[in-house]
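Peer 1: As input, take protein-v8.txt (compact mmCIF, C-alpha atoms and all ligand atoms):
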# COMPACT_ATOMS: atom_id res chain seq x y z
CA MET H 14 0.00 0.00 0.00
CA ALA H 15 1.81 3.18 -1.15
CA GLU H 16 1.32 6.60 0.41
CA PRO H 17 1.59 9.78 -1.66
CA ALA H 18 5.35 10.48 -1.90
CA SER H 19 5.08 14.21 -1.13
CA SER H 20 3.20 13.95 2.18
CA ALA H 21 4.56 10.58 3.35
CA PRO H 22 7.32 10.40 5.95
CA HIS H 23 10.55 9.10 4.41
CA ILE H 24 10.52 6.15 6.84
CA LYS H 25 7.50 4.86 8.75
CA VAL H 26 7.45 1.92 11.14
CA GLU H 27 4.05 0.80 12.42
CA LYS H 28 3.40 -1.54 15.36
CA LEU H 29 6.35 -3.82 14.64
CA VAL H 30 6.35 -7.09 16.58
CA ARG H 31 9.03 -9.78 16.39
CA SER H 32 9.78 -12.75 18.64
CA PHE H 33 12.70 -15.16 18.61
CA ASP H 34 12.12 -18.55 20.26
CA GLY H 35 9.00 -17.25 21.99
CA ARG H 36 10.78 -14.15 23.35
CA LYS H 37 9.45 -10.79 22.14
CA VAL H 38 12.39 -8.65 21.00
CA LEU H 39 10.25 -5.97 19.31
CA ASP H 40 6.87 -5.34 20.94
CA GLY H 41 4.81 -2.82 19.02
CA VAL H 42 7.50 -0.38 17.83
CA SER H 43 6.21 2.64 15.87
CA PHE H 44 7.89 5.84 14.66
CA GLU H 45 8.30 8.05 11.61
CA VAL H 46 11.27 9.90 10.15
CA PRO H 47 10.69 12.94 7.91
CA ARG H 48 12.80 13.34 4.76
CA GLY H 49 16.28 14.80 5.40
CA LYS H 50 16.19 14.26 9.18
CA THR H 51 18.44 12.09 11.36
CA LEU H 52 16.81 9.69 13.81
CA VAL H 53 18.93 8.15 16.55
CA ILE H 54 17.90 4.80 18.03
CA LEU H 55 19.07 4.41 21.61
CA GLY H 56 18.83 1.62 24.13
CA GLY H 57 20.75 -0.86 26.23
CA SER H 58 22.74 -3.74 24.78
CA GLY H 59 20.44 -6.51 23.56
CA CYS H 60 17.28 -4.36 23.58
CA GLY H 61 16.68 -4.96 19.87
CA LYS H 62 18.29 -2.02 18.05
CA SER H 63 20.10 -4.05 15.38
CA THR H 64 17.07 -6.33 15.04
CA LEU H 65 14.90 -3.26 14.40
CA LEU H 66 17.35 -2.00 11.74
CA ARG H 67 17.43 -5.43 10.09
CA HIS H 68 13.65 -5.29 9.74
CA ILE H 69 13.73 -1.77 8.30
CA ILE H 70 16.29 -2.78 5.65
CA GLY H 71 14.19 -5.83 4.77
CA SER H 72 16.62 -8.55 5.88
CA LEU H 73 14.14 -9.76 8.51
CA LYS H 74 10.35 -10.00 8.26
CA PRO H 75 8.23 -8.96 11.24
CA ASP H 76 5.61 -11.19 12.88
CA GLU H 77 3.26 -8.20 12.85
CA GLY H 78 3.39 -4.58 11.72
CA ARG H 79 4.39 -2.71 8.59
CA ILE H 80 7.29 -0.60 7.30
CA TRP H 81 7.29 2.08 4.63
CA LEU H 82 10.51 3.27 2.99
CA MET H 83 10.30 6.29 0.68
CA GLY H 84 6.51 5.91 0.66
CA GLU H 85 6.45 2.21 -0.24
CA GLU H 86 5.34 -0.57 2.06
CA ILE H 87 8.17 -3.13 2.09
CA THR H 88 7.00 -5.94 4.39
CA SER H 89 4.66 -7.36 1.74
CA MET H 90 6.75 -6.33 -1.27
CA ARG H 91 7.85 -8.82 -3.92
CA GLU H 92 11.58 -9.61 -4.02
CA GLU H 93 12.16 -8.01 -7.48
CA LYS H 94 10.46 -4.77 -6.44
CA PHE H 95 12.36 -4.67 -3.16
CA ALA H 96 15.63 -4.98 -5.10
CA GLU H 97 14.81 -1.56 -6.62
CA VAL H 98 14.10 -0.03 -3.18
CA ARG H 99 17.32 -1.64 -1.90
CA LYS H 100 19.37 0.46 -4.34
CA LYS H 101 18.10 3.65 -2.72
CA PHE H 102 19.46 3.09 0.77
CA GLY H 103 22.91 2.40 2.20
CA MET H 104 23.86 0.55 5.35
CA LEU H 105 26.87 0.79 7.63
CA PHE H 106 26.80 -2.47 9.61
CA GLN H 107 27.76 -2.89 13.27
CA GLY H 108 31.50 -3.68 13.21
CA SER H 109 31.97 -2.22 9.69
CA ALA H 110 31.67 -5.63 7.92
CA LEU H 111 34.41 -4.90 5.38
CA LEU H 112 35.53 -7.81 3.21
CA ASN H 113 39.06 -8.53 4.43
CA SER H 114 40.21 -10.08 1.16
CA MET H 115 39.41 -6.88 -0.76
CA SER H 116 41.17 -3.53 -0.75
CA VAL H 117 39.58 -0.31 0.54
CA GLY H 118 38.71 0.72 -3.04
CA GLU H 119 37.27 -2.69 -3.91
CA ASN H 120 35.08 -2.61 -0.79
CA VAL H 121 33.70 0.80 -1.74
CA ALA H 122 33.17 -0.35 -5.35
CA LEU H 123 31.20 -3.44 -4.30
CA PRO H 124 27.64 -1.96 -4.34
CA LEU H 125 28.35 -0.24 -7.68
CA GLU H 126 29.52 -3.52 -9.20
CA GLU H 127 26.55 -5.43 -7.75
CA HIS H 128 23.77 -2.99 -8.57
CA THR H 129 24.89 -1.04 -11.66
CA SER H 130 26.28 -1.77 -15.10
CA LEU H 131 28.75 1.15 -14.96
CA SER H 132 32.13 0.63 -16.66
CA PRO H 133 35.22 -0.02 -14.49
CA ASP H 134 36.69 3.46 -15.18
CA ILE H 135 33.46 5.20 -14.11
CA ILE H 136 33.35 3.02 -10.99
CA GLU H 137 36.97 3.99 -10.26
CA ILE H 138 36.06 7.70 -10.46
CA MET H 139 33.05 7.18 -8.20
CA VAL H 140 35.15 5.25 -5.68
CA LYS H 141 37.68 8.14 -5.65
CA MET H 142 34.84 10.63 -5.04
CA LYS H 143 33.45 8.63 -2.12
CA THR H 144 36.81 7.92 -0.50
CA SER H 145 37.65 11.63 -0.74
CA MET H 146 34.30 12.49 0.90
CA VAL H 147 35.32 10.46 3.96
CA GLY H 148 38.88 11.86 3.96
CA LEU H 149 40.63 8.73 2.70
CA THR H 150 42.06 9.82 -0.64
CA GLY H 151 45.16 7.76 -1.47
CA PHE H 152 44.22 4.81 0.77
CA GLU H 153 42.27 2.93 -1.92
CA ASN H 154 44.88 0.19 -2.37
CA LEU H 155 45.34 -0.68 1.30
CA MET H 156 43.74 -3.79 2.77
CA PRO H 157 41.34 -3.58 5.77
CA SER H 158 44.02 -5.21 7.98
CA GLN H 159 46.35 -2.28 7.20
CA ILE H 160 44.04 0.51 8.43
CA SER H 161 42.83 1.67 11.86
CA GLY H 162 39.37 1.11 13.35
CA GLY H 163 38.37 4.72 12.66
CA MET H 164 39.48 4.40 9.04
CA LYS H 165 37.50 1.16 8.70
CA LYS H 166 34.35 2.97 9.85
CA ARG H 167 34.99 5.68 7.26
CA VAL H 168 35.51 3.06 4.50
CA ALA H 169 32.24 1.41 5.57
CA LEU H 170 30.61 4.85 5.37
CA ALA H 171 32.04 5.44 1.88
CA ARG H 172 30.67 2.04 0.83
CA ALA H 173 27.25 2.85 2.35
CA ILE H 174 27.01 6.07 0.30
CA ALA H 175 28.54 4.58 -2.88
CA MET H 176 25.14 4.50 -4.63
CA ASP H 177 24.15 8.06 -3.53
CA PRO H 178 21.36 6.68 -1.33
CA GLU H 179 18.28 8.58 -0.20
CA ILE H 180 18.50 6.94 3.21
CA LEU H 181 21.56 6.00 5.26
CA PHE H 182 21.35 3.41 8.05
CA CYS H 183 24.25 3.16 10.52
CA ASP H 184 24.51 0.57 13.28
CA GLU H 185 26.90 1.88 15.94
CA PRO H 186 29.18 3.77 13.53
CA THR H 187 31.44 4.99 16.36
CA ALA H 188 31.63 1.91 18.62
CA GLY H 189 35.21 1.31 19.75
CA LEU H 190 36.50 4.71 18.59
CA ASP H 191 38.20 7.31 20.81
CA PRO H 192 36.24 10.51 21.59
CA VAL H 193 38.03 12.52 18.89
CA MET H 194 37.50 9.94 16.14
CA THR H 195 33.90 9.54 17.35
CA ALA H 196 33.38 13.28 16.82
CA VAL H 197 35.08 13.07 13.39
CA VAL H 198 32.73 10.27 12.26
CA ASP H 199 29.67 12.09 13.70
CA VAL H 200 30.55 15.32 11.90
CA LEU H 201 31.14 13.32 8.71
CA ILE H 202 27.70 11.68 8.98
CA ASN H 203 26.09 15.09 9.59
CA ASP H 204 27.94 16.70 6.66
CA LEU H 205 27.22 13.85 4.25
CA CYS H 206 23.53 13.88 5.18
CA LYS H 207 23.35 17.62 4.51
CA LYS H 208 25.43 17.53 1.30
CA LEU H 209 23.67 14.50 -0.17
CA GLY H 210 20.23 15.37 1.29
CA MET H 211 20.01 11.99 3.01
CA THR H 212 17.62 10.85 5.71
CA ALA H 213 19.52 8.87 8.36
CA VAL H 214 18.82 6.32 11.06
CA VAL H 215 21.75 5.87 13.42
CA VAL H 216 22.00 3.37 16.26
CA THR H 217 24.38 4.44 18.99
CA HIS H 218 25.17 4.02 22.67
CA ASP H 219 27.17 7.21 22.85
CA MET H 220 25.27 10.17 24.33
CA ALA H 221 27.82 12.70 23.00
CA SER H 222 27.05 11.36 19.52
CA VAL H 223 23.32 11.56 20.14
CA TYR H 224 23.48 15.26 21.03
CA ARG H 225 25.71 15.93 18.00
CA ILE H 226 23.67 14.21 15.32
CA ALA H 227 20.06 13.60 16.39
CA ASP H 228 17.12 15.58 15.07
CA GLN H 229 14.93 13.01 16.79
CA ILE H 230 15.54 10.20 19.25
CA VAL H 231 13.72 6.92 19.77
CA MET H 232 14.72 4.95 22.87
CA LEU H 233 13.90 1.24 23.13
CA HIS H 234 13.57 -0.77 26.32
CA LYS H 235 12.34 -4.37 26.47
CA GLY H 236 11.13 -4.15 22.89
CA LYS H 237 9.02 -1.03 23.39
CA VAL H 238 9.56 2.65 22.58
CA VAL H 239 9.99 4.31 25.99
CA PHE H 240 10.99 7.75 24.69
CA GLN H 241 10.46 9.67 21.49
CA GLY H 242 11.57 13.30 21.13
CA SER H 243 14.46 15.74 20.72
CA SER H 244 17.86 15.97 22.48
CA ALA H 245 16.52 18.77 24.72
CA GLU H 246 13.47 16.66 25.61
CA ILE H 247 15.51 13.57 26.52
CA GLN H 248 17.73 15.65 28.80
CA ALA H 249 14.63 16.97 30.58
CA SER H 250 12.96 13.54 30.84
CA GLU H 251 11.90 12.39 34.31
CA ASP H 252 11.41 8.75 33.19
CA PRO H 253 13.69 6.61 35.43
CA ILE H 254 14.65 4.32 32.50
CA VAL H 255 15.63 7.27 30.31
CA LYS H 256 17.44 9.05 33.16
CA GLN H 257 19.47 5.93 34.05
CA PHE H 258 20.48 5.41 30.42
CA ILE H 259 21.53 8.95 29.58
CA LYS H 260 23.48 9.27 32.83
CA GLY H 261 25.05 5.81 32.42
CA GLU H 262 24.23 4.60 35.95
CA ALA H 263 24.50 0.94 37.00
CA ASP H 264 21.50 1.07 39.38
CA GLY H 265 18.01 1.56 38.02
CA PRO H 266 15.24 -0.09 36.05
CA ILE H 267 17.63 -1.18 33.23
CA SER H 268 19.08 -4.52 34.31
CA PHE H 269 22.16 -6.20 32.88
CA LYS H 270 20.34 -9.55 33.01
CA GLN H 271 19.04 -10.61 29.62
CA SER H 272 16.36 -12.93 30.97
CA GLY H 273 13.60 -12.26 33.43
CA ASP H 274 14.39 -15.48 35.33
CA ASP H 275 15.21 -15.37 38.97
CA TYR H 276 18.98 -15.75 39.43
CA LEU H 277 18.78 -18.36 42.19
CA LYS H 278 16.15 -20.38 40.32
CA THR H 279 18.43 -20.40 37.25
CA LEU H 280 21.39 -21.57 39.34
CA LEU H 281 19.46 -24.23 41.22
CA GLY H 282 17.64 -25.46 38.11
N1 LIG H 301 18.30 -14.32 14.53
C1 LIG H 301 18.10 -14.33 15.85
N2 LIG H 301 17.70 -15.47 16.50
C2 LIG H 301 17.48 -15.49 17.83
N3 LIG H 301 17.61 -14.40 18.62
C3 LIG H 301 18.00 -13.26 18.05
C4 LIG H 301 18.27 -13.16 16.63
N4 LIG H 301 18.62 -11.87 16.35
C5 LIG H 301 18.59 -11.20 17.52
N5 LIG H 301 18.22 -12.03 18.54
C6 LIG H 301 18.06 -11.64 19.94
O1 LIG H 301 17.38 -10.41 19.99
C7 LIG H 301 17.89 -9.62 21.05
C8 LIG H 301 18.24 -8.25 20.53
O2 LIG H 301 19.42 -8.35 19.75
P1 LIG H 301 20.03 -7.09 18.98
O3 LIG H 301 21.25 -7.56 18.27
O4 LIG H 301 18.96 -6.47 18.18
O5 LIG H 301 20.39 -6.13 20.19
P2 LIG H 301 21.09 -4.70 20.18
O6 LIG H 301 20.15 -3.77 20.87
O7 LIG H 301 21.51 -4.35 18.80
O8 LIG H 301 22.35 -4.94 21.12
P3 LIG H 301 23.85 -4.30 21.05
O9 LIG H 301 23.73 -2.90 21.60
O10 LIG H 301 24.64 -5.17 21.98
O11 LIG H 301 24.31 -4.35 19.63
C9 LIG H 301 19.04 -10.37 21.67
O12 LIG H 301 18.60 -11.00 22.85
C10 LIG H 301 19.41 -11.38 20.61
O13 LIG H 301 19.91 -12.55 21.17
MG MG H 302 23.34 -4.11 17.89
Let's see the structure in the file written out as structure tokens.
Peer 2:
Amino acid sequence: MAEPASSAPHIKVEKLVRSFDGRKVLDGVSFEVPRGKTLVILGGSGCGKSTLLRHIIGSLKPDEGRIWLMGEEITSMREEKFAEVRKKFGMLFQGSALLNSMSVGENVALPLEEHTSLSPDIIEIMVKMKTSMVGLTGFENLMPSQISGGMKKRVALARAIAMDPEILFCDEPTAGLDPVMTAVVDVLINDLCKKLGMTAVVVTHDMASVYRIADQIVMLHKGKVVFQGSSAEIQASEDPIVKQFIKGEADGPISFKQSGDDYLKTLLG
């Protein structure tokens, strides 16, 4: 079911539900992202952020609920039609997911080789443009094992924007980076979104990143949206779950335990 492109949000998620082995990981998640805005998805480890992204990019199907990308409903879309939608968004995976047997340039060229019939010299020019946009001109021939973690994230970013996508998805683009490199990658994401007019969805744990890049924030807890709003609104929130998360405190309603089982019962069987 398509919505009129002009009035439709660029991304819409409606009442998404997904369980694994009888355990609900997403429990009625809904939100919208307007065109050109950056949404940050926040939440504790294991709360379902990557799972949510995997549904939005169509690699997982929900048990219930619907997703619209660029005005088109994707959960019931045929494979061939989805392949066309797929060309219009880029994804930076958690941990970069570069192919170690390929050079930096070959990694960036991959989506262009897979999804276009451009000639090798045009692809080479496009790869040079994208690597220069992430500040890595001259590094095209190095292998992933020869570059730092921060550089790997930037290569993954160059690969994600190789096809000039309308939407950019990033799963923890700054995890494992020092505060300076985190800021560099955040500023790069902001700049690229502005220059290329992209809508972005970024998963992060890092509150400094959130305040730098978010137009809107969605926070997940136990599969539900517990907060939706701006950076100013999250800082003013009185919700104990939100307060614990943004202050990074060990004590509070967010538990490190992944299961709801009583600890002693688990030990004693
Ligand atoms: N394919 C799967 N099969 C079974 N369980 C899964 C599958 N994918 C995810 N899960 C479970 O769903 C839960 C959420 O996982 P997810 O990777 O989405 O968390 P996350 O919020 O991205 O965590 P992190 O911040 O550590 O990356 C976890 O308990 C995980 O074990
Ligand atoms: Mg994750």
Peer 1: Using all atoms listed in the file, can you tell me which of H:Ile138, H:Val98, H:Leu55, H:Leu29 comes closest to H:Ile247?
Peer 2: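 When distances to H:Ile247 are compared using all atoms listed in the file, the smallest one comes from H:Leu55.
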Peer 1: Quick one: which chain H residues come within 9 Å of ligand MG 302 (chain H), and what is the nearest atom pair for each with the distance in Å to one decimal, counting only C-alpha atoms and all ligand atoms, rows ordered by chain and ascending number, as a Markdown table?
Peer 2:
| residue | atom | partner | partner_atom | distance |
| --- | --- | --- | --- | --- |
| H:Ser58 | CA | H:MG302 | MG | 6.9 |
| H:Gly59 | CA | H:MG302 | MG | 6.8 |
| H:Cys60 | CA | H:MG302 | MG | 8.3 |
| H:Gly61 | CA | H:MG302 | MG | 7.0 |
| H:Lys62 | CA | H:MG302 | MG | 5.5 |
| H:Ser63 | CA | H:MG302 | MG | 4.1 |
| H:Thr64 | CA | H:MG302 | MG | 7.2 |
| H:Leu66 | CA | H:MG302 | MG | 8.8 |
| H:Gln107 | CA | H:MG302 | MG | 6.5 |
| H:Asp184 | CA | H:MG302 | MG | 6.7 |
| H:Glu185 | CA | H:MG302 | MG | 7.2 |
| H:Val216 | CA | H:MG302 | MG | 7.8 |
| H:Thr217 | CA | H:MG302 | MG | 8.7 |
Peer 1: With all atoms listed in the file as the atoms that count, which of H:Lys74, H:His218, H:Arg67, H:Lys235 lies nearest to H:Thr187?
Peer 2: H:His218
Peer 1: Every residue with an atom at most 10 Å from (15.7, -1.5, 4.7) (file coordinates; only C-alpha atoms) is what I'm after, so could you write them as a PyMOL selection string?
Peer 2: chain H and resi 24+65-73+80-82+87-88+95+98-104+180-182
Peer 1: Mind giving me the straight-line distance from atom CA of H:Met156 to atom CA of H:Met115 in Å, one decimal?
Peer 2: 6.4 Å
Peer 1: List as a PDB file with C-alpha atoms, in the frame of the given file the protein and nucleic acid residues near H:Lys165, meaning an atom at most 10 Å away when only C-alpha atoms are counted, but skip any in the same chain fewer than 2 places from it.
Peer 2:
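Output below, filename result02.pdb:
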ATOM      1  CA  GLY H 108      31.500  -3.680  13.210  1.00  0.00           C
ATOM      2  CA  SER H 109      31.970  -2.220   9.690  1.00  0.00           C
ATOM      3  CA  ALA H 110      31.670  -5.630   7.920  1.00  0.00           C
ATOM      4  CA  LEU H 111      34.410  -4.900   5.380  1.00  0.00           C
ATOM      5  CA  VAL H 117      39.580  -0.310   0.540  1.00  0.00           C
ATOM      6  CA  MET H 156      43.740  -3.790   2.770  1.00  0.00           C
ATOM      7  CA  PRO H 157      41.340  -3.580   5.770  1.00  0.00           C
ATOM      8  CA  SER H 158      44.020  -5.210   7.980  1.00  0.00           C
ATOM      9  CA  GLN H 159      46.350  -2.280   7.200  1.00  0.00           C
ATOM     10  CA  ILE H 160      44.040   0.510   8.430  1.00  0.00           C
ATOM     11  CA  SER H 161      42.830   1.670  11.860  1.00  0.00           C
ATOM     12  CA  GLY H 162      39.370   1.110  13.350  1.00  0.00           C
ATOM     13  CA  GLY H 163      38.370   4.720  12.660  1.00  0.00           C
ATOM     14  CA  ARG H 167      34.990   5.680   7.260  1.00  0.00           C
ATOM     15  CA  VAL H 168      35.510   3.060   4.500  1.00  0.00           C
ATOM     16  CA  ALA H 169      32.240   1.410   5.570  1.00  0.00           C
ATOM     17  CA  LEU H 170      30.610   4.850   5.370  1.00  0.00           C
ATOM     18  CA  ALA H 171      32.040   5.440   1.880  1.00  0.00           C
ATOM     19  CA  PRO H 186      29.180   3.770  13.530  1.00  0.00           C
TER      20      PRO H 186
END
Peer 1: Report, in Å to a single decimal, how far apart atom CA of H:Glu251 and atom O12 of ligand LIG 301 (chain H) are.
Peer 2: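 Distance between the two atoms: 26.9 Å.
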Peer 1: Considering only C-alpha atoms and all ligand atoms, can you say which of H:Lys141, H:His234, H:Lys260, H:His23 comes closest to ligand LIG 301 (chain H)?
Peer 2: H:His234
Peer 1: Under the rule that all atoms listed in the file are counted, which of H:Val46, H:Ala21, H:Leu52, H:Val121 is the nearest residue to H:Leu149?
Peer 2: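 Of H:Val46, H:Ala21, H:Leu52, H:Val121, the one nearest H:Leu149 is H:Val121, counting all atoms listed in the file.
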Peer 1: Between atom CA of H:Lys256 and atom CA of H:Val239, what distance in Å does the model show, to one decimal?
Peer 2: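 So the two atoms, atom CA of H:Lys256 and atom CA of H:Val239, lie 11.4 Å apart.
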Peer 1: Would you place a box with edges along x, y and z of the file around all atoms of ligand LIG 301 (chain H) listed there, add 6 Å to each of its six sides, and report the centre and edge lengths in Å to one decimal, as AutoDock Vina command-line options?
Peer 2:
--center_x 21.0 --center_y -9.2 --center_z 18.7 --size_x 19.3 --size_y 24.6 --size_z 20.3
Peer 1: Which residues, written as an mmCIF file with C-alpha atoms, keeping the file's coordinate frame, have at least one atom at most 9 Å from H:Asn154, with all atoms listed in the file counted and residues fewer than 5 positions away on the same chain left out?
Peer 2:
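Ended up saving to result39.cif:
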data_model
loop_
_atom_site.group_PDB
_atom_site.id
_atom_site.type_symbol
_atom_site.label_atom_id
_atom_site.label_comp_id
_atom_site.auth_asym_id
_atom_site.auth_seq_id
_atom_site.Cartn_x
_atom_site.Cartn_y
_atom_site.Cartn_z
ATOM 1 C CA SER H 116 41.170 -3.530 -0.750
ATOM 2 C CA VAL H 117 39.580 -0.310 0.540
ATOM 3 C CA GLY H 118 38.710 0.720 -3.040
ATOM 4 C CA GLU H 119 37.270 -2.690 -3.910
#
Peer 1: Could I get stretch 202-213 of chain H from the block written as a PDB file, in the first residue's frame, with N, CA and C atoms?
Peer 2:
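Result file is out12.pdb:
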ATOM      1  N   ILE H 202      29.082  12.139   9.246  1.00  0.00           N
ATOM      2  CA  ILE H 202      27.703  11.678   8.979  1.00  0.00           C
ATOM      3  C   ILE H 202      26.784  12.890   8.795  1.00  0.00           C
ATOM      4  N   ASN H 203      26.908  13.867   9.700  1.00  0.00           N
ATOM      5  CA  ASN H 203      26.088  15.090   9.587  1.00  0.00           C
ATOM      6  C   ASN H 203      26.312  15.792   8.258  1.00  0.00           C
ATOM      7  N   ASP H 204      27.595  15.979   7.905  1.00  0.00           N
ATOM      8  CA  ASP H 204      27.937  16.704   6.664  1.00  0.00           C
ATOM      9  C   ASP H 204      27.422  15.973   5.433  1.00  0.00           C
ATOM     10  N   LEU H 205      27.657  14.635   5.422  1.00  0.00           N
ATOM     11  CA  LEU H 205      27.224  13.849   4.253  1.00  0.00           C
ATOM     12  C   LEU H 205      25.708  13.906   4.107  1.00  0.00           C
ATOM     13  N   CYS H 206      25.000  13.826   5.235  1.00  0.00           N
ATOM     14  CA  CYS H 206      23.527  13.877   5.182  1.00  0.00           C
ATOM     15  C   CYS H 206      23.089  15.204   4.598  1.00  0.00           C
ATOM     16  N   LYS H 207      23.730  16.286   5.034  1.00  0.00           N
ATOM     17  CA  LYS H 207      23.347  17.615   4.510  1.00  0.00           C
ATOM     18  C   LYS H 207      23.698  17.732   3.036  1.00  0.00           C
ATOM     19  N   LYS H 208      24.966  17.365   2.689  1.00  0.00           N
ATOM     20  CA  LYS H 208      25.427  17.529   1.297  1.00  0.00           C
ATOM     21  C   LYS H 208      24.634  16.668   0.329  1.00  0.00           C
ATOM     22  N   LEU H 209      24.341  15.422   0.742  1.00  0.00           N
ATOM     23  CA  LEU H 209      23.669  14.499  -0.174  1.00  0.00           C
ATOM     24  C   LEU H 209      22.156  14.476   0.053  1.00  0.00           C
ATOM     25  N   GLY H 210      21.667  15.294   1.008  1.00  0.00           N
ATOM     26  CA  GLY H 210      20.229  15.371   1.288  1.00  0.00           C
ATOM     27  C   GLY H 210      19.658  14.059   1.801  1.00  0.00           C
ATOM     28  N   MET H 211      20.473  13.312   2.567  1.00  0.00           N
ATOM     29  CA  MET H 211      20.012  11.991   3.011  1.00  0.00           C
ATOM     30  C   MET H 211      19.204  12.061   4.312  1.00  0.00           C
ATOM     31  N   THR H 212      18.279  11.124   4.439  1.00  0.00           N
ATOM     32  CA  THR H 212      17.616  10.850   5.711  1.00  0.00           C
ATOM     33  C   THR H 212      18.499   9.787   6.384  1.00  0.00           C
ATOM     34  N   ALA H 213      18.659   9.865   7.709  1.00  0.00           N
ATOM     35  CA  ALA H 213      19.524   8.868   8.356  1.00  0.00           C
ATOM     36  C   ALA H 213      18.875   8.263   9.592  1.00  0.00           C
TER      37      ALA H 213
END
